[in-house]
Structure formats: C-alpha cells, structure tokens
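Notes follow once the structure below has been shown.
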Amino acid sequence: MKKKIVVLTGAGISAESGISTFRDSNGLWENHDIMEVASIEGYHRNPSLVQDFYNKRRRQLLEVEPNLAHHFLKDLENYFDVTIITQNVDDLHERANSSKIIHLHGELRKARSEYNETVVVDWSNDINIGDFAEDGYQLRPHIVWFGEMVPMMETAIDEVLQADILIVIGTSLQVYPAASLVDYTKNNAPVIYVDPTELNNNPSIIQIQKKATEAINDLKNILSDYSVE
Ligand code: OAD
C-alpha cells in the first residue's frame, strides 16, 4: 500500500509562478490593509473595494501557470497517496492535475451567495455589485475571511491525523487555525518544512531552507527512504 503524504501549502508555493505572497516584503499585506480587504467586517464596510481586490486576483490567474513544485506534487502520486491541503485561493494545484485538493481558505474561481455559504458557483470573471446567486442574494468571493469559520478544517485535521508524512511548503504558519495542522501529526510521522525562511524553535521538523522549486531534489532524496513499506 502506498504511504500517505499530506502536503500543506501556502502562498510561497505559487510565488515562483508570479503570485505575490502576503507577508514577505512587498507582499499583499504590505500594500493593502488586511482588515479592509480580507475580513467580513471590511466587506460589510466597503463591498466594492473588496470585490475589486479579489477581481484583480482572479484576473491575475489568467496570466500565471503552475510551476515545477506544483507539478512535482502531482508526480508524487505515482509513489504515494497524496492529499494537498492548501491555504491558497489560486487554482494552480488543480491546473497541475493533483487529485485530492482541500482548499482551507476558499477558491478565487468560485463565487457564493452573501447570505448562504453553501450556494456556490464556478466563476471566472469579475464579480460585480448586482451579480446575484440563485437564491437572489449578491455574489461575493468564495473566500474565507478573517472573522469567519474555516469549514474545511475538520476534514483537513482528519487527513493530517492519518498522514505518514507531512510536508509543509511556502507558508509562514502565522494564520490559525491552518497553522495548527502541524500539531495533529502522528507521533512518529516526519514533518518536512520547505521555505527560504527558517522556522524557529522546531528541532523536530526537517527543514529545507530553499524556494519550493529548488527544494524538489532534496525532497526526492528524503522521500526515497519512505516510499516502500
Ligand atoms: P505568507 O505570505 O504569510 O507566507 C509565505 C511564505 O512563503 C513565507 O514563509 C515565505 O518565506 C515563503 N516563500 C516565499 N517565496 C517562496 C518560494 N519561492 N518557495 C517557498 N516558499 C516561499 O503566506 P501564507 O502562509 O500562505 O489568508 O498565508 C496564510 C494566509 O494568510 C493566506 O491563506 C491568506 C493570508 O491572510 C486569507 O486571506 C484568509
């Protein structure tokens, strides 16, 4: 039986595709007020500003492609049972054809009713004020904002609990509850952290201090020890 790998990804895995991260210098949160554009209160205060922010992000998806790291995670399925839990709202894991993808913070290519979070539609264009869901309410981005529940968290925890190996790629692990997922691994399950920035105070975590695409060979070397029972 294939061993189970769970991969938790963040903005860093898409950085080399040309999508800005949030907290690096010149990242999105340096140029935008996080509580204005990514919180439910901000949306209630100024829906147009928030729609505009996500419309720009959605348009940018048309200009970017998955990179070698996204493709590597797809290829890993030849040797492991791979589940991706991503904090990213882009669709680059989908476009690299990964089979099992859980989006913790929602998806740019979907829109939902302002009133009912389960009324969700595929949506690739701008969302304009006056675009309605089938329940008659305004459409908003299908994004989990600060101040909102993370509906996929339970599913994600279940995956991590069963993982033989957890790989974490390109996330600062600053946002909860997503960051807490690393605490759910089985006792003996290795945790591998790929990020150019060092994660402090974590002697039990194997760190590859490189960009995602540059860490692929290191990952292959480490994983070759685990691929067979
Ligand atoms: P952050 O911007 O907080 O962290 C990005 C991480 O990627 C940092 O640790 C960088 O060092 C690393 N990084 C940068 N370039 C990289 C590369 N080429 N390869 C690998 N790593 C690289 O982004 P997230 O941790 O994803 O949520 O942020 C978590 C959440 O905060 C996001 O999902 C978003 C944001 O607010 C919502 O908006 C709800």
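Within each chain, counting starts at residue 1; across the structure tokens, chains are named A, B, ... in the order shown, with ligands numbered 1 upward in that order.
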
Can you tell me, as an NGL selection string, which residues in range 30-170 of chain A count as strand (DSSP E) by DSSP? :A and (81-86 or 101-103 or 106-113 or 120-122 or 139-143 or 165-169)

Which chains and residue numbers are within 6 Å of ligand 1, counting only C-alpha atoms and all ligand atoms, if I want them as JSON, numbers by chain? {"A": [10, 11, 12, 13, 15, 16, 21, 22, 23, 24, 38, 87, 88, 105, 144, 145, 146, 169, 170, 171, 172, 173, 175, 195, 196, 197, 211, 212]}

Give me the residues near Ile143 in chain A as JSON, numbers by chain, where near means some atom within 10 Å (using only C-alpha atoms) and where sequence neighbours in that chain fewer than 3 positions away do not count. {"A": [38, 39, 54, 88, 89, 103, 104, 105, 106, 107, 108, 109, 110, 111, 112, 117, 140, 146, 148, 150]}

Can you pull out the residues contacting range 33-37 of chain A? Cut-off 10 Å, using only C-alpha atoms, and skip same-chain residues under 6 positions away; I want them as a ChimeraX atom specification. /A:22,43-54,145-147

With a distance cut-off of 12 Å and only C-alpha atoms, select the neighbouring residues of Leu62 in chain A, excluding the residue or stretch itself and same-chain residues fewer than 6 positions from it, and output the selection as a PDB file with N, CA and C atoms, in the first residue's frame.
```
ATOM      1  N   SER A  17       5.421  31.213  -9.548  1.00  0.00           N
ATOM      2  CA  SER A  17       4.509  31.351 -10.688  1.00  0.00           C
ATOM      3  C   SER A  17       4.177  32.824 -10.929  1.00  0.00           C
ATOM      4  N   GLY A  18       4.573  33.674  -9.972  1.00  0.00           N
ATOM      5  CA  GLY A  18       4.335  35.109 -10.150  1.00  0.00           C
ATOM      6  C   GLY A  18       3.207  35.667  -9.302  1.00  0.00           C
ATOM      7  N   ILE A  19       2.726  34.875  -8.335  1.00  0.00           N
ATOM      8  CA  ILE A  19       1.674  35.381  -7.444  1.00  0.00           C
ATOM      9  C   ILE A  19       2.331  35.848  -6.148  1.00  0.00           C
ATOM     10  N   ASN A  55     -11.311  40.654  -7.613  1.00  0.00           N
ATOM     11  CA  ASN A  55     -11.404  40.638  -9.080  1.00  0.00           C
ATOM     12  C   ASN A  55     -10.004  40.716  -9.697  1.00  0.00           C
ATOM     13  N   LYS A  56      -9.165  41.564  -9.105  1.00  0.00           N
ATOM     14  CA  LYS A  56      -7.781  41.681  -9.615  1.00  0.00           C
ATOM     15  C   LYS A  56      -7.030  40.366  -9.440  1.00  0.00           C
ATOM     16  N   ASP A  90      -5.693  30.313  -5.229  1.00  0.00           N
ATOM     17  CA  ASP A  90      -5.472  30.140  -6.672  1.00  0.00           C
ATOM     18  C   ASP A  90      -5.824  28.709  -7.077  1.00  0.00           C
ATOM     19  N   ASP A  91      -5.773  28.446  -8.388  1.00  0.00           N
ATOM     20  CA  ASP A  91      -6.157  27.109  -8.872  1.00  0.00           C
ATOM     21  C   ASP A  91      -4.961  26.362  -9.469  1.00  0.00           C
ATOM     22  N   LEU A  92      -3.755  26.679  -8.972  1.00  0.00           N
ATOM     23  CA  LEU A  92      -2.561  26.103  -9.606  1.00  0.00           C
ATOM     24  C   LEU A  92      -2.378  24.622  -9.274  1.00  0.00           C
ATOM     25  N   ARG A  95      -4.642  22.986 -11.749  1.00  0.00           N
ATOM     26  CA  ARG A  95      -4.110  23.017 -13.116  1.00  0.00           C
ATOM     27  C   ARG A  95      -2.879  22.118 -13.272  1.00  0.00           C
ATOM     28  N   LEU A 108     -10.632  31.330  -5.575  1.00  0.00           N
ATOM     29  CA  LEU A 108     -10.922  32.521  -6.387  1.00  0.00           C
ATOM     30  C   LEU A 108     -11.864  32.231  -7.542  1.00  0.00           C
ATOM     31  N   ARG A 109     -11.779  31.005  -8.073  1.00  0.00           N
ATOM     32  CA  ARG A 109     -12.578  30.683  -9.262  1.00  0.00           C
ATOM     33  C   ARG A 109     -13.994  30.237  -8.892  1.00  0.00           C
ATOM     34  N   SER A 124     -15.397  32.672 -13.233  1.00  0.00           N
ATOM     35  CA  SER A 124     -14.051  33.021 -13.700  1.00  0.00           C
ATOM     36  C   SER A 124     -13.881  34.497 -14.017  1.00  0.00           C
ATOM     37  N   ASN A 125     -14.976  35.247 -14.048  1.00  0.00           N
ATOM     38  CA  ASN A 125     -14.900  36.668 -14.413  1.00  0.00           C
ATOM     39  C   ASN A 125     -14.934  37.541 -13.165  1.00  0.00           C
TER      40      ASN A 125
END
```

So that I can check the surroundings of Ile192 in chain A, please list as a short mmCIF file (atom, residue, chain, number, x, y, z; two decimals) with C-alpha atoms, in the first residue's frame every protein, DNA and RNA residue that reaches within 9 Å of it, counting only C-alpha atoms and ignoring chain neighbours fewer than 5 positions away.
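Final output, saved to around.cif:
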```cif
data_model
loop_
_atom_site.label_atom_id
_atom_site.label_comp_id
_atom_site.auth_asym_id
_atom_site.auth_seq_id
_atom_site.Cartn_x
_atom_site.Cartn_y
_atom_site.Cartn_z
CA ILE A 165 4.48 12.14 6.34
CA LEU A 166 3.54 15.84 6.43
CA ILE A 167 5.22 18.23 4.01
CA VAL A 168 4.69 21.96 4.54
CA ILE A 169 5.61 24.24 1.63
CA ILE A 205 10.96 19.46 11.91
CA ILE A 206 13.17 18.64 8.92
CA GLN A 207 13.84 21.97 7.24
CA ILE A 208 14.77 22.56 3.63
CA LEU A 219 12.51 16.28 -1.18
#
```

Which of chain A counts as helix (DSSP H, G or I) under DSSP, as a ChimeraX atom specification please? /A:11-15,28-31,34-37,40-45,47-63,68-78,92-95,153-162,178-184,213-224

Dump as an mmCIF file, in the first residue's frame, selection limited to C-alpha atoms:
```
data_model
loop_
_atom_site.group_PDB
_atom_site.id
_atom_site.type_symbol
_atom_site.label_atom_id
_atom_site.label_comp_id
_atom_site.auth_asym_id
_atom_site.auth_seq_id
_atom_site.Cartn_x
_atom_site.Cartn_y
_atom_site.Cartn_z
ATOM 1 C CA ALA A 11 1.439 31.389 -0.828
ATOM 2 C CA GLY A 12 5.150 30.547 -1.173
ATOM 3 C CA ILE A 13 4.494 27.605 -3.495
ATOM 4 C CA SER A 14 2.850 29.937 -6.004
ATOM 5 C CA ALA A 15 5.455 32.706 -5.631
ATOM 6 C CA LEU A 28 -0.014 41.824 -0.495
ATOM 7 C CA TRP A 29 -0.418 42.817 3.154
ATOM 8 C CA GLU A 30 2.245 45.489 2.835
ATOM 9 C CA ASN A 31 0.238 47.218 0.126
ATOM 10 C CA ILE A 34 -5.677 43.153 5.632
ATOM 11 C CA MET A 35 -8.750 44.063 7.704
ATOM 12 C CA GLU A 36 -10.131 46.207 4.884
ATOM 13 C CA VAL A 37 -9.871 43.629 2.100
ATOM 14 C CA ILE A 40 -16.008 40.085 6.888
ATOM 15 C CA GLU A 41 -16.221 43.465 8.660
ATOM 16 C CA GLY A 42 -14.226 45.074 5.846
ATOM 17 C CA TYR A 43 -16.589 43.568 3.295
ATOM 18 C CA HIS A 44 -19.623 44.943 5.109
ATOM 19 C CA ARG A 45 -17.991 48.393 5.274
ATOM 20 C CA PRO A 47 -18.079 45.671 -0.608
ATOM 21 C CA SER A 48 -16.854 47.323 -3.835
ATOM 22 C CA LEU A 49 -13.302 47.707 -2.531
ATOM 23 C CA VAL A 50 -13.209 44.051 -1.503
ATOM 24 C CA GLN A 51 -14.779 42.785 -4.744
ATOM 25 C CA ASP A 52 -12.232 44.845 -6.663
ATOM 26 C CA PHE A 53 -9.320 43.355 -4.686
ATOM 27 C CA TYR A 54 -10.447 39.794 -5.479
ATOM 28 C CA ASN A 55 -11.404 40.638 -9.080
ATOM 29 C CA LYS A 56 -7.781 41.681 -9.615
ATOM 30 C CA ARG A 57 -6.518 38.470 -8.030
ATOM 31 C CA ARG A 58 -8.911 36.422 -10.183
ATOM 32 C CA ARG A 59 -7.779 38.194 -13.377
ATOM 33 C CA GLN A 60 -4.161 37.529 -12.462
ATOM 34 C CA LEU A 61 -4.832 33.784 -12.518
ATOM 35 C CA LEU A 62 -5.183 34.028 -16.295
ATOM 36 C CA GLU A 63 -1.583 35.227 -16.535
ATOM 37 C CA LEU A 68 7.687 22.796 -11.085
ATOM 38 C CA ALA A 69 6.715 22.475 -7.437
ATOM 39 C CA HIS A 70 3.004 22.108 -8.259
ATOM 40 C CA HIS A 71 3.878 19.542 -10.939
ATOM 41 C CA PHE A 72 6.191 17.688 -8.547
ATOM 42 C CA LEU A 73 3.300 17.206 -6.107
ATOM 43 C CA LYS A 74 1.231 15.673 -8.898
ATOM 44 C CA ASP A 75 4.109 13.341 -9.867
ATOM 45 C CA LEU A 76 4.449 12.256 -6.242
ATOM 46 C CA GLU A 77 1.111 10.466 -6.671
ATOM 47 C CA ASN A 78 2.997 7.747 -8.577
ATOM 48 C CA LEU A 92 -2.561 26.103 -9.606
ATOM 49 C CA HIS A 93 -2.783 22.721 -7.853
ATOM 50 C CA GLU A 94 -5.885 21.962 -9.934
ATOM 51 C CA ARG A 95 -4.110 23.017 -13.116
ATOM 52 C CA MET A 153 -10.791 22.493 8.938
ATOM 53 C CA GLU A 154 -12.283 19.249 10.311
ATOM 54 C CA THR A 155 -11.659 17.447 7.026
ATOM 55 C CA ALA A 156 -8.098 18.776 6.979
ATOM 56 C CA ILE A 157 -7.437 17.631 10.558
ATOM 57 C CA ASP A 158 -8.680 14.125 9.689
ATOM 58 C CA GLU A 159 -6.229 13.980 6.790
ATOM 59 C CA VAL A 160 -3.254 15.102 8.895
ATOM 60 C CA LEU A 161 -4.117 12.617 11.658
ATOM 61 C CA GLN A 162 -3.758 9.807 9.127
ATOM 62 C CA ALA A 178 -4.460 26.456 9.458
ATOM 63 C CA ALA A 179 -1.099 26.676 11.237
ATOM 64 C CA SER A 180 -2.286 24.320 13.968
ATOM 65 C CA LEU A 181 -2.494 21.451 11.458
ATOM 66 C CA VAL A 182 1.190 20.621 12.026
ATOM 67 C CA ASP A 183 0.292 19.722 15.625
ATOM 68 C CA TYR A 184 -2.019 16.890 14.535
ATOM 69 C CA THR A 213 11.146 24.617 -6.984
ATOM 70 C CA GLU A 214 14.739 24.452 -5.739
ATOM 71 C CA ALA A 215 13.828 22.023 -2.958
ATOM 72 C CA ILE A 216 12.496 19.300 -5.257
ATOM 73 C CA ASN A 217 15.701 17.247 -5.351
ATOM 74 C CA ASP A 218 16.105 17.439 -1.567
ATOM 75 C CA LEU A 219 12.506 16.285 -1.179
ATOM 76 C CA LYS A 220 13.064 13.388 -3.586
ATOM 77 C CA ASN A 221 16.126 12.305 -1.615
ATOM 78 C CA ILE A 222 14.344 12.408 1.728
ATOM 79 C CA LEU A 223 11.202 10.729 0.399
ATOM 80 C CA SER A 224 13.081 7.913 -1.332
#
```
